[in-house]
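Here the structure comes first, spelled out in structure tokens, and everything after it is commentary.
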4 protein chains.
Amino acid sequence: MKNLNIGMIGYGFMGKAHTNAYCQAPRFFQNEYRPVLKALCARNQEKAQGFADNWGYESVETDWRELLKRDDIDAVDICVPNNLHKEIAIEAAKAGKMILCEKPLAMNVAEGEEMCAAVEKAGVANMVWYNYRRVPAVTLAKQLIDEGRLGRIFHYRAFFLQDWTINADVPQGGAATWRLDAEAAGSGVTGDLLAHCIDTAMWLNGGIKDVSAVTETFVKQRKHAETGEAAPVKIDDACSFLCHFENGSLGLFESTRYARGHKALNTLEINGEHASIAWDLHDLHRLEYFDHRDDSIVRGWRSIHVSDGDQPYMDHWWVPGLQIGYEHSFTHQVADFLKSLETGEAAHPNFRDALQTQKVCDAVLSSAGERAWKSV
Amino acid sequence: MKNLNIGMIGYGFMGKAHTNAYCQAPRFFQNEYRPVLKALCARNQEKAQGFADNWGYESVETDWRELLKRDDIDAVDICVPNNLHKEIAIEAAKAGKMILCEKPLAMNVAEGEEMCAAVEKAGVANMVWYNYRRVPAVTLAKQLIDEGRLGRIFHYRAFFLQDWTINADVPQGGAATWRLDAEAAGSGVTGDLLAHCIDTAMWLNGGIKDVSAVTETFVKQRKHAETGEAAPVKIDDACSFLCHFENGSLGLFESTRYARGHKALNTLEINGEHASIAWDLHDLHRLEYFDHRDDSIVRGWRSIHVSDGDQPYMDHWWVPGLQIGYEHSFTHQVADFLKSLETGEAAHPNFRDALQTQKVCDAVLSSAGERAWKSV
Amino acid sequence: MKNLNIGMIGYGFMGKAHTNAYCQAPRFFQNEYRPVLKALCARNQEKAQGFADNWGYESVETDWRELLKRDDIDAVDICVPNNLHKEIAIEAAKAGKMILCEKPLAMNVAEGEEMCAAVEKAGVANMVWYNYRRVPAVTLAKQLIDEGRLGRIFHYRAFFLQDWTINADVPQGGAATWRLDAEAAGSGVTGDLLAHCIDTAMWLNGGIKDVSAVTETFVKQRKHAETGEAAPVKIDDACSFLCHFENGSLGLFESTRYARGHKALNTLEINGEHASIAWDLHDLHRLEYFDHRDDSIVRGWRSIHVSDGDQPYMDHWWVPGLQIGYEHSFTHQVADFLKSLETGEAAHPNFRDALQTQKVCDAVLSSAGERAWKSV
Amino acid sequence: MKNLNIGMIGYGFMGKAHTNAYCQAPRFFQNEYRPVLKALCARNQEKAQGFADNWGYESVETDWRELLKRDDIDAVDICVPNNLHKEIAIEAAKAGKMILCEKPLAMNVAEGEEMCAAVEKAGVANMVWYNYRRVPAVTLAKQLIDEGRLGRIFHYRAFFLQDWTINADVPQGGAATWRLDAEAAGSGVTGDLLAHCIDTAMWLNGGIKDVSAVTETFVKQRKHAETGEAAPVKIDDACSFLCHFENGSLGLFESTRYARGHKALNTLEINGEHASIAWDLHDLHRLEYFDHRDDSIVRGWRSIHVSDGDQPYMDHWWVPGLQIGYEHSFTHQVADFLKSLETGEAAHPNFRDALQTQKVCDAVLSSAGERAWKSV
């Protein structure tokens, strides 16, 4: 058993999700490497200590540069707002640390390029937390596609619909709502939500060639959480786009935080010559599957309860019929990362994969700004 | 083309449903016989005439005995409260008329025996309106079972849940609510709702051997619609029973008019060694089907949208994806009855089949009364 | 009771659907006018006669110009391929006939303009068969929106997904597959399927301002049904578009005949500030409704079984829980048309309404051709 | 922070589920007491050590009597086959240990009485792992009922359907399949599955008065896993029962391991005067709720995605829309147990509560054996 000493930067929602995954992975997956919660790094000493105590981090740092200097840290996990990813990642690479970076990779392609260059030059293991690939039902979709069950693909569509910012009193900026602040987040739903859909889409259906997008900001002005001042909202509240995939299929994507009734409805559907697949995050343990080769009189969409031991990851959990939840996708990602250290085969999505998603995001925002089709 | 001259007795909900079926059947199904709406019979001349005018009945009678005397009537359709079925049916048989009788066949087994004897002695075609057999999804279920797709059967369960009598102000008796009056209806949910479930169950899964039942009357007293007087409620508001089928499978049935949220939720599920089937009336155009022989990783309940031309009856309607509704089950029953006249093979369920359902109903009520298992 | 003498042109799928509606409407809806099936017109005398006999048309014509000359025809119903709509409609208007025209109105906006001018000049009642407005669940959606239950609208999305042309052996042209022949149909899914979605969308959510579209033809060549020769496919197999509505909401539309597993999945979803609505044709009797004003702990999408007497049209049918089907939307349209003759208020959508849909369709096709946003 | 030193007896499926809960509870719930994995006890030293290493148990015992002697153990968790519960529990009580016992409490009521007497005499905290009460959707159901939202209750129905023993090659006895061996399990589905349904039912709907049950053993003979010898199967493969609740409502319960297509379909539905609730384990994060007081035109079953911070337990997990899974029910039970130590209010279900469930189970088996109604 080898230790993998983790230095976590940030303790927000994602800090909690990743930390839980480091705790759970070795209990349910047997790997050579075992994560050790070595240090938690955040500017607020007191809050950092509280989080560290709760989760069992051995120490606390308040300056990420100090964290990077420590010899007892093997890997850093970047769980801070998007505008801080680049600098930390590049310095971490220079310090020879493995890097697990929250998504989206960067504020834009230019930053992402620098980050890729840095980790590739340093030769450090790197991964981006596009966790939805590791929801067992999504991983099963990938398996079915790779087995050729769908045949030629005609259509791919994906949505990520939320409704939490309809209320105009939700502020922008600050610790809880930095995702509404363009300074911190770079973009709105495009980087926060569509990036997930794009990562999954390209993993399942290959590269995206060109896009035609539209964005909208429904609430034009919001109070800033820290200053209390009303300020123009510069992020995209909603974004939809059409696209062509390299395999000739058509794509349709939409994301918004103004779809009343949908809390976190991340969906995908893929229509092939022989079969189709659909999935959504609100019932993440199910995969919908239609196979045209079934006898015609009993053909229908199958609702697959992905909880059997022969389905991805599920031999590590309970028994058939007993579902797992959201956080398990992170646990799987940690388990796969640990395994990659053992096998030497890079875990995905790495920085280079995530850069490709960033390119699509940038093309989408550019297309929306110019009202024109854009090549990726 | 041969005419089948219909004499309809009654113009209530079922009179309308059957009449519509006589109109629609020849338009969508090509048979040698074509129903002709010859006469509508009901005690209230004015209302009868209104109904006849709307639907195109050529004449009106106010006394069913007069109707039976007419030479130009080939078949009578009995759409009156249950307590009147026996006398009319026996006289109609004596008059040599074919009989299409609304369900349940009779007030009890004794009446049903007399009715069977009468039609069999007279040798007249006879049928009982257990229409749910002819919902295409249910007919498809029958086909799948007959093809042996399910293998040995372990379980059958069926419910018929409504909620329209929860309000204690709903009266009993009268034209609209005779179903709550034991004098007119014989029983409550047992004859009205469970009888449907039992007919379908025995058609799909064979005979029922014995039952253990419980009944309940939640609202003990209701005003009578005609007298305005409060009177004890003598029907069963709810009835559940356990049973053994002759094939060794276990059965579970429940019916009630006190299941808030369910308007007419008639359901069935059958679990076999290899496959299972489920259906319900609220989405009557779908059949749920699970086949254990599917590849294990893509096994799931299939939701079959029964609207394709190779599924029962559907080649007579629209195109795939376009559903039909409740009333079509009656149209199918008329079409099948017309065809039976052509082929000489009796249509089902006939009186003899419906008597068997009556026997189960009587056993159920007897079991509930005595708190003991009863053989059918 | 007044007669409305119908002259039906065409006896295909839509001829059957409309004819059934003429038969059923007066039985379930009480109007001053009653349709009379006066004449069926089609080039093939024998087939026309067969259809007329089955449905009860009193006479047959083989030349629509002869039909228009007849004094005993009040209204003509145009159920022929799209390329024939214009000429017949204009001549019918000149002949003073009311016109019920199958959708889409015309091959393009220019034709539609001529048709509108003709009926308006002639002052004849006119209507286009965008039937889905009259599915009770869709009509209920309209009612809820008009009552202001949704508040400000943010998003509208609609799909019409089919899978029947994936097989490259399906021919183009001919009686059964003229919809794949650009000569007869004008366009592919845009005019056939998206036109329905657009009509419903503008009825529910107001005008569309601009569009960015993409089309695709997946099977490039198909045999012609009549000549047997392979020929390039000139219709759009699939079409998606983004749009802005005049009320500031964003729209997303997609249609295809290559979505494996979907037979006729016509859907809509509309997200408002306070509530959202979703509907689809595969379960046309249900409306999904989410109301944010519900108590937070019991908030959820409500699946409304639209079968109660206080829901649109349903007081004319059965009892709660008993669903109706596809064809009933046409029956409702006839009933409303008959009523409009009584009240003098035009029934909708009329030619002018349908022209607006045509304008969106033309903008969509133009946008796709030029890869640019187009104003409507 | 105070330690609660745990001595776990057994390392099977439930040993894993409980251990995970001890690890997770303090991370997501802040209580004064924190579980410490002090000792793992099992006969096989090597396997015990492996399990202990994986989960972080500090020590291993191979004799539970030795475990009970240790001063550093505060609470024992009994995760062994049912036939061993009684002796261990009684000795543990004598040793002054708190006891967390896997369900069902005992082999029968007589054993359960002894166990209750022992813990009550010793005055030790005790709890039984009927974990489904703590699925947030089920806890929410309890809250809604307690708030009076349902009004008078008419019906309760619950199922627990599985299909894993249809194959006659599944053995009985041994570590993996002791649940099929009457010697170890006491009963079949009654104690294993129905006991869960009964516990939940009585928690939600109060006591059960009398029952009429039927049981069946479909596969009469199975090989014993240890001896390899075919032996008669003495457990119940399936069990259904009717019952009366003390509040006057009717109950219907069914459990089987022969319902093809259902892996672990634990369900409940409760119908009240004003509202109804339904839930099932296959989508455990959803609660279905129908409220008759909704406006009639928009009344429907609401599918509540139980993942918001104001729903039970969910403020401790992620954000709205992100579901949790099966194992979290155990985590909640641990959290509540820890809290009970703080407050001094007993956690439920305790031994006395579980004894009541045992009484219903015994009445059910007795009723099935004698084919007669039995009082509880």
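To be explicit about the labels: the chains of the structure tokens are called A, B, and onward in the order shown, and within each one the residues are counted from 1, while ligands get numbers from 1 in the order they are shown.
The interface of chain C with chain D at 7 Å, considering only C-alpha atoms, consists of Ile297, Val298, Arg299, Gly300, Trp301, Arg302, Ser303, Ile304, His305, Asp310 and Gln311 of chain C.
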Include C-alpha atoms and write out the residues we just selected as a PDB file, in the first residue's frame.
```
ATOM      1  CA  ILE C 297     -41.274  20.417   0.820  1.00  0.00           C
ATOM      2  CA  VAL C 298     -43.961  18.982  -1.456  1.00  0.00           C
ATOM      3  CA  ARG C 299     -43.019  20.737  -4.668  1.00  0.00           C
ATOM      4  CA  GLY C 300     -42.700  18.552  -7.710  1.00  0.00           C
ATOM      5  CA  TRP C 301     -43.797  18.056 -11.272  1.00  0.00           C
ATOM      6  CA  ARG C 302     -47.462  17.128 -11.310  1.00  0.00           C
ATOM      7  CA  SER C 303     -48.570  14.591 -13.843  1.00  0.00           C
ATOM      8  CA  ILE C 304     -52.084  15.737 -14.667  1.00  0.00           C
ATOM      9  CA  HIS C 305     -54.309  13.077 -16.202  1.00  0.00           C
ATOM     10  CA  ASP C 310     -63.601  20.692 -16.026  1.00  0.00           C
ATOM     11  CA  GLN C 311     -60.654  20.267 -18.365  1.00  0.00           C
TER      12      GLN C 311
END
```
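Near range 96-110 of chain A, within a cut-off of 6 Å and counting only C-alpha atoms, sit the residues Asp74, Ala75, Val76, Asp77, Ile78, Cys79, Asn82, Val124, Ala125, Asn126, Met127, Val128, Trp129, Gly186, Gly191, Gln358 and Lys359 of chain A, with same-chain residues fewer than 5 positions away left out.
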Selection: 8 Å around Gly207 in chain C, only C-alpha atoms, excl. self and same-chain fewer than 6 positions, as a list of chain:residue names:
C:Phe245, C:Glu246, C:Asn247
Within 9 Å of range 275-282 of chain D, which residues of range 183-267 of chain B show up? Give each one with its shortest atom-to-atom distance in Å (one decimal) and the two atoms involved, counting only C-alpha atoms, rows by chain then rising residue number, as JSON lines.
```
{"residue": "B:Ala259", "atom": "CA", "partner": "D:Ser276", "partner_atom": "CA", "distance": 7.7}
{"residue": "B:Arg260", "atom": "CA", "partner": "D:Ser276", "partner_atom": "CA", "distance": 5.8}
{"residue": "B:Gly261", "atom": "CA", "partner": "D:Ser276", "partner_atom": "CA", "distance": 6.6}
```
Those in range 101-181 of chain C with helix (DSSP H, G or I) from DSSP, as an mmCIF file with N, CA and C atoms, in the first residue's frame:
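Everything below was put into part-v8.cif:
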```cif
data_model
loop_
_atom_site.group_PDB
_atom_site.id
_atom_site.type_symbol
_atom_site.label_atom_id
_atom_site.label_comp_id
_atom_site.auth_asym_id
_atom_site.auth_seq_id
_atom_site.Cartn_x
_atom_site.Cartn_y
_atom_site.Cartn_z
ATOM 1 N N VAL C 109 -44.012 30.923 -48.472
ATOM 2 C CA VAL C 109 -44.727 32.130 -48.064
ATOM 3 C C VAL C 109 -45.464 32.778 -49.241
ATOM 4 N N ALA C 110 -44.806 32.793 -50.383
ATOM 5 C CA ALA C 110 -45.429 33.445 -51.548
ATOM 6 C C ALA C 110 -46.772 32.783 -51.862
ATOM 7 N N GLU C 111 -46.812 31.483 -51.903
ATOM 8 C CA GLU C 111 -48.071 30.780 -52.134
ATOM 9 C C GLU C 111 -49.080 31.104 -51.043
ATOM 10 N N GLY C 112 -48.586 31.091 -49.819
ATOM 11 C CA GLY C 112 -49.473 31.353 -48.694
ATOM 12 C C GLY C 112 -50.094 32.742 -48.759
ATOM 13 N N GLU C 113 -49.313 33.706 -49.183
ATOM 14 C CA GLU C 113 -49.836 35.064 -49.317
ATOM 15 C C GLU C 113 -50.998 35.088 -50.313
ATOM 16 N N GLU C 114 -50.801 34.427 -51.432
ATOM 17 C CA GLU C 114 -51.870 34.362 -52.438
ATOM 18 C C GLU C 114 -53.128 33.708 -51.882
ATOM 19 N N MET C 115 -52.927 32.671 -51.129
ATOM 20 C CA MET C 115 -54.067 31.949 -50.569
ATOM 21 C C MET C 115 -54.826 32.804 -49.560
ATOM 22 N N CYS C 116 -54.066 33.486 -48.709
ATOM 23 C CA CYS C 116 -54.709 34.376 -47.735
ATOM 24 C C CYS C 116 -55.514 35.457 -48.465
ATOM 25 N N ALA C 117 -54.880 36.038 -49.449
ATOM 26 C CA ALA C 117 -55.563 37.097 -50.199
ATOM 27 C C ALA C 117 -56.872 36.564 -50.783
ATOM 28 N N ALA C 118 -56.812 35.376 -51.315
ATOM 29 C CA ALA C 118 -57.988 34.792 -51.965
ATOM 30 C C ALA C 118 -59.145 34.580 -50.989
ATOM 31 N N VAL C 119 -58.863 33.962 -49.860
ATOM 32 C CA VAL C 119 -59.969 33.694 -48.924
ATOM 33 C C VAL C 119 -60.484 34.981 -48.284
ATOM 34 N N GLU C 120 -59.575 35.898 -48.079
ATOM 35 C CA GLU C 120 -60.013 37.146 -47.445
ATOM 36 C C GLU C 120 -60.844 37.976 -48.432
ATOM 37 N N LYS C 121 -60.420 37.951 -49.671
ATOM 38 C CA LYS C 121 -61.204 38.651 -50.695
ATOM 39 C C LYS C 121 -62.594 38.027 -50.823
ATOM 40 N N ALA C 122 -62.597 36.703 -50.829
ATOM 41 C CA ALA C 122 -63.876 36.007 -50.994
ATOM 42 C C ALA C 122 -64.730 36.035 -49.727
ATOM 43 N N ASN C 131 -53.901 20.467 -35.791
ATOM 44 C CA ASN C 131 -54.831 19.835 -34.855
ATOM 45 C C ASN C 131 -54.351 19.793 -33.413
ATOM 46 N N TYR C 132 -53.023 19.890 -33.203
ATOM 47 C CA TYR C 132 -52.529 19.639 -31.844
ATOM 48 C C TYR C 132 -52.954 20.693 -30.834
ATOM 49 N N ARG C 133 -53.371 21.875 -31.335
ATOM 50 C CA ARG C 133 -53.927 22.853 -30.392
ATOM 51 C C ARG C 133 -55.117 22.300 -29.629
ATOM 52 N N ARG C 134 -55.785 21.355 -30.226
ATOM 53 C CA ARG C 134 -57.033 20.834 -29.635
ATOM 54 C C ARG C 134 -56.872 19.513 -28.888
ATOM 55 N N PRO C 136 -56.672 18.091 -25.572
ATOM 56 C CA PRO C 136 -57.098 18.771 -24.339
ATOM 57 C C PRO C 136 -55.948 19.235 -23.444
ATOM 58 N N ALA C 137 -54.892 18.442 -23.343
ATOM 59 C CA ALA C 137 -53.776 18.846 -22.479
ATOM 60 C C ALA C 137 -53.100 20.097 -23.017
ATOM 61 N N VAL C 138 -53.041 20.240 -24.336
ATOM 62 C CA VAL C 138 -52.417 21.427 -24.931
ATOM 63 C C VAL C 138 -53.334 22.638 -24.757
ATOM 64 N N THR C 139 -54.604 22.406 -24.930
ATOM 65 C CA THR C 139 -55.572 23.487 -24.714
ATOM 66 C C THR C 139 -55.538 23.938 -23.253
ATOM 67 N N LEU C 140 -55.362 22.989 -22.366
ATOM 68 C CA LEU C 140 -55.238 23.326 -20.950
ATOM 69 C C LEU C 140 -53.973 24.153 -20.701
ATOM 70 N N ALA C 141 -52.901 23.799 -21.381
ATOM 71 C CA ALA C 141 -51.664 24.588 -21.256
ATOM 72 C C ALA C 141 -51.940 26.039 -21.646
ATOM 73 N N LYS C 142 -52.639 26.220 -22.751
ATOM 74 C CA LYS C 142 -52.985 27.567 -23.205
ATOM 75 C C LYS C 142 -53.778 28.303 -22.124
ATOM 76 N N GLN C 143 -54.719 27.617 -21.542
ATOM 77 C CA GLN C 143 -55.545 28.221 -20.498
ATOM 78 C C GLN C 143 -54.688 28.652 -19.301
ATOM 79 N N LEU C 144 -53.787 27.795 -18.891
ATOM 80 C CA LEU C 144 -52.939 28.108 -17.736
ATOM 81 C C LEU C 144 -52.041 29.307 -18.027
ATOM 82 N N ILE C 145 -51.521 29.362 -19.238
ATOM 83 C CA ILE C 145 -50.678 30.498 -19.618
ATOM 84 C C ILE C 145 -51.514 31.775 -19.644
ATOM 85 N N ASP C 146 -52.685 31.696 -20.250
ATOM 86 C CA ASP C 146 -53.549 32.874 -20.334
ATOM 87 C C ASP C 146 -53.996 33.359 -18.957
ATOM 88 N N GLY C 174 -44.663 9.039 -54.575
ATOM 89 C CA GLY C 174 -45.749 8.071 -54.517
ATOM 90 C C GLY C 174 -46.773 8.438 -53.472
ATOM 91 N N ALA C 175 -47.838 7.647 -53.407
ATOM 92 C CA ALA C 175 -48.952 7.973 -52.512
ATOM 93 C C ALA C 175 -48.557 7.890 -51.049
ATOM 94 N N ALA C 176 -47.759 6.894 -50.718
ATOM 95 C CA ALA C 176 -47.460 6.680 -49.300
ATOM 96 C C ALA C 176 -46.281 7.497 -48.809
ATOM 97 N N THR C 177 -45.386 7.851 -49.692
ATOM 98 C CA THR C 177 -44.151 8.488 -49.233
ATOM 99 C C THR C 177 -43.868 9.813 -49.951
ATOM 100 N N TRP C 178 -44.937 10.482 -50.365
ATOM 101 C CA TRP C 178 -44.741 11.780 -51.007
ATOM 102 C C TRP C 178 -44.083 12.783 -50.078
ATOM 103 N N ARG C 179 -44.159 12.539 -48.763
ATOM 104 C CA ARG C 179 -43.537 13.475 -47.820
ATOM 105 C C ARG C 179 -42.012 13.511 -47.932
ATOM 106 N N LEU C 180 -41.431 12.519 -48.601
ATOM 107 C CA LEU C 180 -39.974 12.526 -48.790
ATOM 108 C C LEU C 180 -39.580 13.146 -50.132
#
```
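For Ala213 in chain C, the set of protein, DNA and RNA residues having any atom at most 6 Å away, when counting only C-alpha atoms and skipping those fewer than 2 positions along the same chain, is Ser240, Phe241, Val364, Ser367 and Ala368 of chain C.
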I'd like the neighbourhood of Val170 in chain B as a PyMOL selection string, where a residue qualifies if any of its atoms comes within 12 Å (using only C-alpha atoms), though same-chain residues fewer than 5 positions away should be ignored.
chain B and resi 163-165+176-181+219+221-225+228+230+233+257
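CA of Cys239 in chain C lies 6.5 Å from CA of Glu216 in chain C.
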Selection near Ala42 in chain B, 12 Å with only C-alpha atoms, sequence-local residues under 5 positions removed, as JSON, numbers by chain:
{"B": [7, 8, 9, 10, 11, 12, 15, 47, 48, 49, 50, 51, 52, 59, 60, 61, 62, 63, 64, 65, 66, 67, 77, 78, 79, 80]}
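If you look at CA of Arg371 in chain A and CA of Asp236 in chain C, they are 23.1 Å away from each other.
Every residue of range 81-180 of chain D found in strand (DSSP E or B) when DSSP is run on the backbone appears here: Met98, Ile99, Leu100, Cys101, Asn126, Met127, Val128, Ile153, Phe154, His155, Tyr156, Arg157, Ala158, Phe159, Phe160, Leu161, Gln172 and Gly173 of chain D.
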Leaving out range 315-327 of chain A and any residue of its chain fewer than 4 positions from it, which residues lie within 6 Å of it when counting only C-alpha atoms, given as number ranges by chain?
A: 28, 307-309; D: 263-264, 322-326
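Across C:Phe337, C:Phe13, C:Tyr258, C:Trp55, the tightest approach to Gln30 in chain B is made by C:Trp55 when counting only C-alpha atoms.
If you measure from each of A:Ile208, A:Gln24, A:Glu32, A:Pro81 to Gly56 in chain D using only C-alpha atoms, the closest one turns out to be A:Gln24.
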